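Chemist: So I've got this file, run04.txt, and it contains compact mmCIF, N, CA and C atoms:
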```txt
# COMPACT_ATOMS: atom_id res chain seq x y z
N MET L 357 7.92 -13.53 -25.00
CA MET L 357 8.63 -12.47 -24.31
C MET L 357 8.50 -11.18 -25.10
N ALA L 358 8.50 -10.07 -24.40
CA ALA L 358 8.36 -8.77 -25.04
C ALA L 358 9.63 -8.42 -25.81
N PRO L 359 9.47 -7.67 -26.87
CA PRO L 359 10.67 -7.22 -27.60
C PRO L 359 11.57 -6.38 -26.69
N LEU L 360 12.84 -6.44 -26.97
CA LEU L 360 13.82 -5.75 -26.15
C LEU L 360 13.60 -4.24 -26.12
N THR L 361 13.06 -3.69 -27.20
CA THR L 361 12.84 -2.24 -27.24
C THR L 361 11.78 -1.80 -26.23
N TYR L 362 10.74 -2.62 -26.02
CA TYR L 362 9.72 -2.28 -25.04
C TYR L 362 10.28 -2.30 -23.62
N ILE L 363 11.06 -3.31 -23.33
CA ILE L 363 11.65 -3.42 -22.00
C ILE L 363 12.63 -2.28 -21.77
N ALA L 364 13.45 -1.96 -22.76
CA ALA L 364 14.39 -0.85 -22.63
C ALA L 364 13.64 0.47 -22.45
N SER L 365 12.54 0.64 -23.16
CA SER L 365 11.74 1.85 -23.02
C SER L 365 11.15 1.97 -21.62
N ALA L 366 10.65 0.87 -21.08
CA ALA L 366 10.09 0.89 -19.73
C ALA L 366 11.16 1.22 -18.69
N VAL L 367 12.33 0.61 -18.83
CA VAL L 367 13.43 0.88 -17.89
C VAL L 367 13.88 2.33 -18.00
N LEU L 368 14.00 2.84 -19.22
CA LEU L 368 14.42 4.22 -19.43
C LEU L 368 13.41 5.20 -18.86
N THR L 369 12.14 4.94 -19.05
CA THR L 369 11.10 5.80 -18.50
C THR L 369 11.14 5.79 -16.98
N GLY L 370 11.35 4.64 -16.38
CA GLY L 370 11.47 4.56 -14.92
C GLY L 370 12.67 5.34 -14.42
N LEU L 371 13.78 5.24 -15.11
CA LEU L 371 14.97 6.00 -14.71
C LEU L 371 14.74 7.51 -14.83
N VAL L 372 14.02 7.93 -15.85
CA VAL L 372 13.70 9.35 -16.01
C VAL L 372 12.82 9.83 -14.86
N VAL L 373 11.81 9.02 -14.49
CA VAL L 373 10.94 9.40 -13.37
C VAL L 373 11.75 9.51 -12.08
N VAL L 374 12.59 8.54 -11.80
CA VAL L 374 13.42 8.57 -10.58
C VAL L 374 14.36 9.77 -10.62
N GLY L 375 14.96 10.05 -11.79
CA GLY L 375 15.85 11.20 -11.91
C GLY L 375 15.14 12.52 -11.69
N LEU L 376 13.92 12.64 -12.21
CA LEU L 376 13.15 13.87 -11.99
C LEU L 376 12.81 14.06 -10.53
N VAL L 377 12.42 12.99 -9.86
CA VAL L 377 12.09 13.09 -8.44
C VAL L 377 13.33 13.48 -7.64
N ALA L 378 14.46 12.88 -7.95
CA ALA L 378 15.70 13.22 -7.24
C ALA L 378 16.09 14.68 -7.49
N ALA L 379 15.96 15.13 -8.73
CA ALA L 379 16.32 16.52 -9.05
C ALA L 379 15.39 17.50 -8.34
N LEU L 380 14.11 17.20 -8.31
CA LEU L 380 13.17 18.08 -7.62
C LEU L 380 13.41 18.08 -6.12
N ALA L 381 13.74 16.94 -5.57
CA ALA L 381 13.99 16.87 -4.13
C ALA L 381 15.23 17.66 -3.74
N ARG L 382 16.23 17.65 -4.59
CA ARG L 382 17.47 18.37 -4.28
C ARG L 382 17.36 19.87 -4.56
N SER L 383 16.55 20.25 -5.54
CA SER L 383 16.50 21.65 -5.94
C SER L 383 15.61 22.49 -5.04
N ARG L 384 14.70 21.90 -4.35
CA ARG L 384 13.77 22.65 -3.52
C ARG L 384 14.39 22.93 -2.16
N GLU L 385 14.17 24.12 -1.67
CA GLU L 385 14.64 24.46 -0.34
C GLU L 385 13.55 24.07 0.66
N TRP L 386 13.79 22.97 1.33
CA TRP L 386 12.80 22.49 2.27
C TRP L 386 12.85 23.34 3.53
N ARG L 387 11.71 23.71 3.99
CA ARG L 387 11.61 24.52 5.21
C ARG L 387 10.93 23.70 6.28
N SER L 388 11.30 23.99 7.50
CA SER L 388 10.62 23.30 8.60
C SER L 388 10.12 24.35 9.58
N ALA L 389 8.91 24.21 9.99
CA ALA L 389 8.29 25.15 10.90
C ALA L 389 8.48 24.66 12.34
N ALA L 390 8.28 25.57 13.26
CA ALA L 390 8.34 25.19 14.67
C ALA L 390 7.19 24.26 14.98
N PRO L 391 7.42 23.28 15.82
CA PRO L 391 6.33 22.33 16.12
C PRO L 391 5.16 23.05 16.77
N THR L 392 3.98 22.66 16.36
CA THR L 392 2.76 23.24 16.94
C THR L 392 2.44 22.53 18.24
N PRO L 393 1.67 23.15 19.11
CA PRO L 393 1.27 22.48 20.35
C PRO L 393 0.48 21.21 20.03
N GLY L 394 0.83 20.15 20.67
CA GLY L 394 0.17 18.86 20.45
C GLY L 394 0.76 18.08 19.29
N ALA L 395 1.84 18.59 18.69
CA ALA L 395 2.46 17.88 17.57
C ALA L 395 3.22 16.67 18.08
N VAL L 396 3.55 15.79 17.17
CA VAL L 396 4.27 14.57 17.53
C VAL L 396 5.69 14.94 17.93
N ARG L 397 6.12 14.43 19.07
CA ARG L 397 7.48 14.70 19.54
C ARG L 397 8.45 13.77 18.85
N THR L 398 9.68 14.22 18.68
CA THR L 398 10.67 13.41 17.97
C THR L 398 11.24 12.29 18.84
N GLY L 399 11.07 12.37 20.13
CA GLY L 399 11.63 11.36 21.01
C GLY L 399 10.82 10.07 21.03
N ASP L 400 9.56 10.13 20.61
CA ASP L 400 8.71 8.94 20.60
C ASP L 400 9.14 8.02 19.47
N THR L 401 9.07 6.72 19.73
CA THR L 401 9.46 5.75 18.71
C THR L 401 8.36 4.73 18.46
N SER L 402 7.12 5.06 18.78
CA SER L 402 6.03 4.11 18.57
C SER L 402 5.73 4.02 17.07
N ALA L 403 5.02 2.98 16.72
CA ALA L 403 4.68 2.77 15.31
C ALA L 403 3.75 3.86 14.80
N VAL L 404 2.84 4.31 15.64
CA VAL L 404 1.91 5.37 15.24
C VAL L 404 2.67 6.66 14.97
N THR L 405 3.64 6.98 15.83
CA THR L 405 4.44 8.19 15.65
C THR L 405 5.25 8.12 14.37
N THR L 406 5.86 6.98 14.12
CA THR L 406 6.65 6.81 12.90
C THR L 406 5.77 6.93 11.66
N LEU L 407 4.59 6.32 11.70
CA LEU L 407 3.67 6.40 10.58
C LEU L 407 3.19 7.84 10.37
N THR L 408 2.90 8.55 11.45
CA THR L 408 2.45 9.94 11.35
C THR L 408 3.54 10.82 10.75
N GLU L 409 4.77 10.63 11.18
CA GLU L 409 5.87 11.42 10.63
C GLU L 409 6.09 11.09 9.15
N THR L 410 5.93 9.85 8.77
CA THR L 410 6.11 9.45 7.38
C THR L 410 5.02 10.05 6.51
N VAL L 411 3.79 10.04 6.99
CA VAL L 411 2.67 10.59 6.21
C VAL L 411 2.82 12.10 6.05
N ARG L 412 3.39 12.76 7.01
CA ARG L 412 3.54 14.22 6.95
C ARG L 412 4.78 14.66 6.18
N SER L 413 5.65 13.74 5.81
CA SER L 413 6.88 14.15 5.12
C SER L 413 6.70 14.02 3.60
N PRO L 414 7.28 14.94 2.84
CA PRO L 414 7.21 14.83 1.38
C PRO L 414 7.94 13.59 0.86
N LEU L 415 8.98 13.17 1.55
CA LEU L 415 9.71 11.98 1.12
C LEU L 415 8.82 10.74 1.21
N GLY L 416 8.01 10.65 2.25
CA GLY L 416 7.09 9.52 2.38
C GLY L 416 6.10 9.46 1.23
N TRP L 417 5.55 10.62 0.85
CA TRP L 417 4.61 10.67 -0.26
C TRP L 417 5.31 10.34 -1.57
N THR L 418 6.54 10.80 -1.74
CA THR L 418 7.28 10.52 -2.96
C THR L 418 7.57 9.03 -3.10
N VAL L 419 8.00 8.42 -2.02
CA VAL L 419 8.30 6.98 -2.04
C VAL L 419 7.02 6.17 -2.29
N ALA L 420 5.90 6.59 -1.68
CA ALA L 420 4.64 5.89 -1.91
C ALA L 420 4.20 6.01 -3.36
N PHE L 421 4.36 7.20 -3.94
CA PHE L 421 3.99 7.39 -5.35
C PHE L 421 4.86 6.54 -6.26
N LEU L 422 6.17 6.54 -6.03
CA LEU L 422 7.06 5.74 -6.87
C LEU L 422 6.75 4.25 -6.72
N GLY L 423 6.44 3.81 -5.50
CA GLY L 423 6.06 2.42 -5.28
C GLY L 423 4.79 2.05 -6.04
N LEU L 424 3.81 2.97 -6.01
CA LEU L 424 2.57 2.73 -6.74
C LEU L 424 2.82 2.68 -8.24
N VAL L 425 3.66 3.58 -8.75
CA VAL L 425 3.99 3.57 -10.18
C VAL L 425 4.68 2.27 -10.56
N LEU L 426 5.62 1.82 -9.73
CA LEU L 426 6.33 0.57 -10.04
C LEU L 426 5.40 -0.64 -9.99
N VAL L 427 4.50 -0.68 -9.01
CA VAL L 427 3.58 -1.82 -8.89
C VAL L 427 2.62 -1.84 -10.08
N ILE L 428 2.02 -0.69 -10.40
CA ILE L 428 1.08 -0.66 -11.52
C ILE L 428 1.82 -0.90 -12.83
N GLY L 429 2.97 -0.27 -13.02
CA GLY L 429 3.73 -0.46 -14.26
C GLY L 429 4.19 -1.90 -14.43
N GLY L 430 4.69 -2.50 -13.36
CA GLY L 430 5.11 -3.90 -13.43
C GLY L 430 3.94 -4.83 -13.69
N GLY L 431 2.81 -4.54 -13.08
CA GLY L 431 1.62 -5.36 -13.31
C GLY L 431 1.12 -5.26 -14.74
N VAL L 432 1.11 -4.03 -15.27
CA VAL L 432 0.69 -3.85 -16.66
C VAL L 432 1.65 -4.54 -17.61
N LEU L 433 2.94 -4.40 -17.34
CA LEU L 433 3.94 -5.04 -18.19
C LEU L 433 3.79 -6.57 -18.16
N ALA L 434 3.60 -7.13 -16.97
CA ALA L 434 3.42 -8.58 -16.86
C ALA L 434 2.12 -9.02 -17.51
N PHE L 435 1.08 -8.19 -17.40
CA PHE L 435 -0.21 -8.53 -18.00
C PHE L 435 -0.14 -8.50 -19.52
N LEU L 436 0.52 -7.49 -20.07
CA LEU L 436 0.56 -7.34 -21.53
C LEU L 436 1.52 -8.30 -22.21
N THR L 437 2.60 -8.65 -21.54
CA THR L 437 3.57 -9.55 -22.17
C THR L 437 3.16 -11.01 -22.10
N GLY L 438 2.19 -11.32 -21.26
CA GLY L 438 1.78 -12.71 -21.11
C GLY L 438 2.79 -13.55 -20.38
N ALA L 439 3.55 -12.93 -19.49
CA ALA L 439 4.61 -13.64 -18.77
C ALA L 439 4.05 -14.47 -17.62
N ILE L 440 2.75 -14.44 -17.42
CA ILE L 440 2.13 -15.17 -16.31
C ILE L 440 1.05 -16.10 -16.87
N PRO L 441 0.69 -17.15 -16.13
CA PRO L 441 -0.33 -18.08 -16.61
C PRO L 441 -1.68 -17.39 -16.85
N ALA L 442 -2.54 -18.02 -17.63
CA ALA L 442 -3.80 -17.42 -18.05
C ALA L 442 -4.73 -17.10 -16.88
N GLY L 443 -4.90 -18.01 -15.95
CA GLY L 443 -5.81 -17.77 -14.82
C GLY L 443 -5.33 -16.64 -13.92
N VAL L 444 -4.04 -16.60 -13.69
CA VAL L 444 -3.46 -15.55 -12.86
C VAL L 444 -3.48 -14.22 -13.61
N GLY L 445 -3.30 -14.28 -14.94
CA GLY L 445 -3.32 -13.07 -15.75
C GLY L 445 -4.66 -12.37 -15.71
N GLN L 446 -5.73 -13.15 -15.71
CA GLN L 446 -7.07 -12.57 -15.62
C GLN L 446 -7.28 -11.92 -14.26
N ALA L 447 -6.84 -12.56 -13.21
CA ALA L 447 -6.96 -11.98 -11.87
C ALA L 447 -6.08 -10.73 -11.75
N LEU L 448 -4.91 -10.77 -12.37
CA LEU L 448 -4.03 -9.60 -12.35
C LEU L 448 -4.67 -8.43 -13.09
N GLY L 449 -5.33 -8.69 -14.19
CA GLY L 449 -6.02 -7.64 -14.92
C GLY L 449 -7.12 -7.00 -14.09
N VAL L 450 -7.89 -7.81 -13.39
CA VAL L 450 -8.95 -7.28 -12.52
C VAL L 450 -8.34 -6.47 -11.39
N MET L 451 -7.25 -6.95 -10.81
CA MET L 451 -6.60 -6.21 -9.72
C MET L 451 -6.05 -4.88 -10.21
N LEU L 452 -5.48 -4.84 -11.41
CA LEU L 452 -4.97 -3.59 -11.96
C LEU L 452 -6.09 -2.58 -12.19
N VAL L 453 -7.22 -3.04 -12.69
CA VAL L 453 -8.35 -2.15 -12.88
C VAL L 453 -8.86 -1.64 -11.54
N LEU L 454 -8.91 -2.50 -10.53
CA LEU L 454 -9.36 -2.06 -9.20
C LEU L 454 -8.40 -1.05 -8.57
N VAL L 455 -7.10 -1.29 -8.72
CA VAL L 455 -6.11 -0.34 -8.17
C VAL L 455 -6.23 1.00 -8.88
N ALA L 456 -6.35 0.97 -10.21
CA ALA L 456 -6.48 2.22 -10.96
C ALA L 456 -7.76 2.96 -10.58
N ALA L 457 -8.86 2.24 -10.42
CA ALA L 457 -10.13 2.87 -10.03
C ALA L 457 -10.03 3.45 -8.62
N THR L 458 -9.36 2.74 -7.72
CA THR L 458 -9.19 3.24 -6.36
C THR L 458 -8.34 4.51 -6.34
N VAL L 459 -7.29 4.53 -7.12
CA VAL L 459 -6.44 5.73 -7.19
C VAL L 459 -7.23 6.90 -7.76
N MET L 460 -7.98 6.68 -8.83
CA MET L 460 -8.77 7.75 -9.44
C MET L 460 -9.85 8.26 -8.47
N CYS L 461 -10.54 7.36 -7.79
CA CYS L 461 -11.57 7.78 -6.84
C CYS L 461 -10.95 8.52 -5.66
N GLY L 462 -9.82 8.04 -5.18
CA GLY L 462 -9.13 8.73 -4.09
C GLY L 462 -8.69 10.11 -4.49
N TYR L 463 -8.18 10.24 -5.71
CA TYR L 463 -7.75 11.54 -6.22
C TYR L 463 -8.94 12.49 -6.34
N LEU L 464 -10.06 12.00 -6.86
CA LEU L 464 -11.26 12.82 -6.98
C LEU L 464 -11.77 13.25 -5.60
N PHE L 465 -11.85 12.31 -4.67
CA PHE L 465 -12.33 12.64 -3.32
C PHE L 465 -11.41 13.66 -2.66
N TRP L 466 -10.10 13.44 -2.75
CA TRP L 466 -9.12 14.34 -2.11
C TRP L 466 -9.24 15.75 -2.68
N GLY L 467 -9.38 15.86 -3.98
CA GLY L 467 -9.50 17.17 -4.61
C GLY L 467 -10.77 17.88 -4.22
N VAL L 468 -11.89 17.17 -4.22
CA VAL L 468 -13.16 17.78 -3.82
C VAL L 468 -13.11 18.18 -2.35
N TYR L 469 -12.57 17.31 -1.51
CA TYR L 469 -12.49 17.59 -0.08
C TYR L 469 -11.68 18.87 0.18
N HIS L 470 -10.51 18.96 -0.44
CA HIS L 470 -9.66 20.13 -0.18
C HIS L 470 -10.22 21.40 -0.81
N SER L 471 -10.88 21.31 -1.94
CA SER L 471 -11.47 22.51 -2.52
C SER L 471 -12.63 23.00 -1.68
N VAL L 472 -13.39 22.10 -1.10
CA VAL L 472 -14.50 22.50 -0.23
C VAL L 472 -13.95 23.05 1.09
N ARG L 473 -12.92 22.42 1.63
CA ARG L 473 -12.30 22.93 2.86
C ARG L 473 -11.70 24.32 2.65
N TYR L 474 -11.15 24.56 1.48
CA TYR L 474 -10.56 25.86 1.16
C TYR L 474 -11.62 26.95 1.17
N ARG L 475 -12.85 26.59 0.88
CA ARG L 475 -13.93 27.57 0.88
C ARG L 475 -14.52 27.80 2.27
N GLY L 476 -13.94 27.18 3.28
CA GLY L 476 -14.33 27.46 4.66
C GLY L 476 -15.35 26.51 5.26
N ILE L 477 -15.64 25.42 4.61
CA ILE L 477 -16.61 24.46 5.12
C ILE L 477 -15.89 23.49 6.04
N GLU L 478 -16.58 23.04 7.07
CA GLU L 478 -15.98 22.16 8.07
C GLU L 478 -15.64 20.79 7.49
N SER L 479 -14.86 20.03 8.25
CA SER L 479 -14.33 18.75 7.78
C SER L 479 -15.42 17.72 7.50
N ALA L 480 -16.39 17.59 8.39
CA ALA L 480 -17.44 16.59 8.19
C ALA L 480 -18.28 16.90 6.96
N GLN L 481 -18.59 18.17 6.76
CA GLN L 481 -19.37 18.56 5.59
C GLN L 481 -18.56 18.35 4.31
N ALA L 482 -17.27 18.65 4.36
CA ALA L 482 -16.41 18.44 3.19
C ALA L 482 -16.32 16.96 2.85
N THR L 483 -16.26 16.11 3.87
CA THR L 483 -16.24 14.66 3.64
C THR L 483 -17.54 14.22 2.99
N GLY L 484 -18.65 14.77 3.46
CA GLY L 484 -19.95 14.44 2.86
C GLY L 484 -20.03 14.85 1.41
N VAL L 485 -19.52 16.03 1.07
CA VAL L 485 -19.54 16.48 -0.32
C VAL L 485 -18.65 15.58 -1.18
N GLY L 486 -17.48 15.21 -0.67
CA GLY L 486 -16.60 14.31 -1.41
C GLY L 486 -17.24 12.96 -1.67
N LEU L 487 -17.89 12.41 -0.66
CA LEU L 487 -18.56 11.12 -0.84
C LEU L 487 -19.76 11.25 -1.77
N TRP L 488 -20.46 12.39 -1.72
CA TRP L 488 -21.59 12.62 -2.61
C TRP L 488 -21.12 12.65 -4.07
N VAL L 489 -20.01 13.33 -4.33
CA VAL L 489 -19.47 13.38 -5.70
C VAL L 489 -19.08 11.98 -6.16
N LEU L 490 -18.44 11.19 -5.29
CA LEU L 490 -18.09 9.82 -5.67
C LEU L 490 -19.34 8.99 -5.96
N GLY L 491 -20.38 9.18 -5.17
CA GLY L 491 -21.65 8.49 -5.40
C GLY L 491 -22.28 8.87 -6.73
N MET L 492 -22.19 10.16 -7.07
CA MET L 492 -22.74 10.60 -8.35
C MET L 492 -21.95 10.01 -9.52
N VAL L 493 -20.64 9.92 -9.38
CA VAL L 493 -19.83 9.30 -10.43
C VAL L 493 -20.22 7.83 -10.59
N LEU L 494 -20.39 7.12 -9.47
CA LEU L 494 -20.83 5.72 -9.52
C LEU L 494 -22.19 5.60 -10.19
N LEU L 495 -23.10 6.51 -9.87
CA LEU L 495 -24.42 6.50 -10.48
C LEU L 495 -24.35 6.73 -11.99
N VAL L 496 -23.49 7.63 -12.42
CA VAL L 496 -23.32 7.88 -13.86
C VAL L 496 -22.75 6.64 -14.55
N VAL L 497 -21.81 5.96 -13.91
CA VAL L 497 -21.25 4.74 -14.49
C VAL L 497 -22.32 3.66 -14.63
N VAL L 498 -23.15 3.47 -13.61
CA VAL L 498 -24.20 2.46 -13.65
C VAL L 498 -25.22 2.80 -14.73
N VAL L 499 -25.62 4.08 -14.82
CA VAL L 499 -26.58 4.49 -15.85
C VAL L 499 -26.00 4.28 -17.24
N ALA L 500 -24.72 4.61 -17.42
CA ALA L 500 -24.08 4.41 -18.72
C ALA L 500 -24.05 2.93 -19.11
N GLN L 501 -23.79 2.07 -18.13
CA GLN L 501 -23.77 0.64 -18.43
C GLN L 501 -25.18 0.13 -18.78
N LEU L 502 -26.18 0.65 -18.10
CA LEU L 502 -27.55 0.22 -18.38
C LEU L 502 -28.01 0.72 -19.75
N VAL L 503 -27.61 1.92 -20.13
CA VAL L 503 -28.01 2.45 -21.43
C VAL L 503 -27.29 1.71 -22.54
N MET L 504 -26.01 1.37 -22.35
CA MET L 504 -25.23 0.68 -23.38
C MET L 504 -25.64 -0.78 -23.53
N ALA L 505 -26.20 -1.39 -22.51
CA ALA L 505 -26.53 -2.82 -22.56
C ALA L 505 -27.78 -3.12 -23.33
```
Re-express the file's structure as structure tokens.
Modeler:
Amino acid sequence: MAPLTYIASAVLTGLVVVGLVAALARSREWRSAAPTPGAVRTGDTSAVTTLTETVRSPLGWTVAFLGLVLVIGGGVLAFLTGAIPAGVGQALGVMLVLVAATVMCGYLFWGVYHSVRYRGIESAQATGVGLWVLGMVLLVVVVAQLVMA
């Protein structure tokens, strides 16, 4: 089992993150604009409408981020403390690396896409540039592995 100081540190860090998110959510003056033509109406209760409203709200993104932090943090904590069997621990380590790589690639793609869109390029071309950058990163990783081997 992990020393009590590590567990207390993890819990304290989580509480600080939650406190910061709550403070930022309360301190900001949220504004709402008039609905645009073709926007989702509030009277609809379909799953697609609910999902669309959640994706467009800052609270939805905040909850998703906190969930991702808790899942990755809990997985790392379980992986490092050895609280799980050896076979499952190895699979958990691979899953943590895959989740981290997916988050990093998604962040890179999102940033490239929005920076290209900001420069006035259309959506399909911006998607192509984002995928091209991800492909180049993959190519650099493969070349680095081949040179190191």
Chemist: Go ahead and compute the interatomic distance for atom CA of L:Val485 and atom CA of L:Phe465, in Å to one decimal.
Modeler: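 It comes out at 8.7 Å.
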Chemist: What does the structure give for the distance between atom N of L:Ser471 and atom CA of L:Val493, in Å to one decimal?
Modeler: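 Between atom N of L:Ser471 and atom CA of L:Val493 the gap is 17.2 Å.
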Chemist: What gap, in Å, lies between atom CA of L:Leu368 and atom C of L:Val425?
Modeler: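 About the pair atom CA of L:Leu368 and atom C of L:Val425: they are 13.3 Å apart.
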Chemist: Write out as a PyMOL selection string all residues of chain L that backbone DSSP assigns to alpha helix (DSSP H).
Modeler: chain L and resi 360-383+403-412+414-437+442-474+479-504
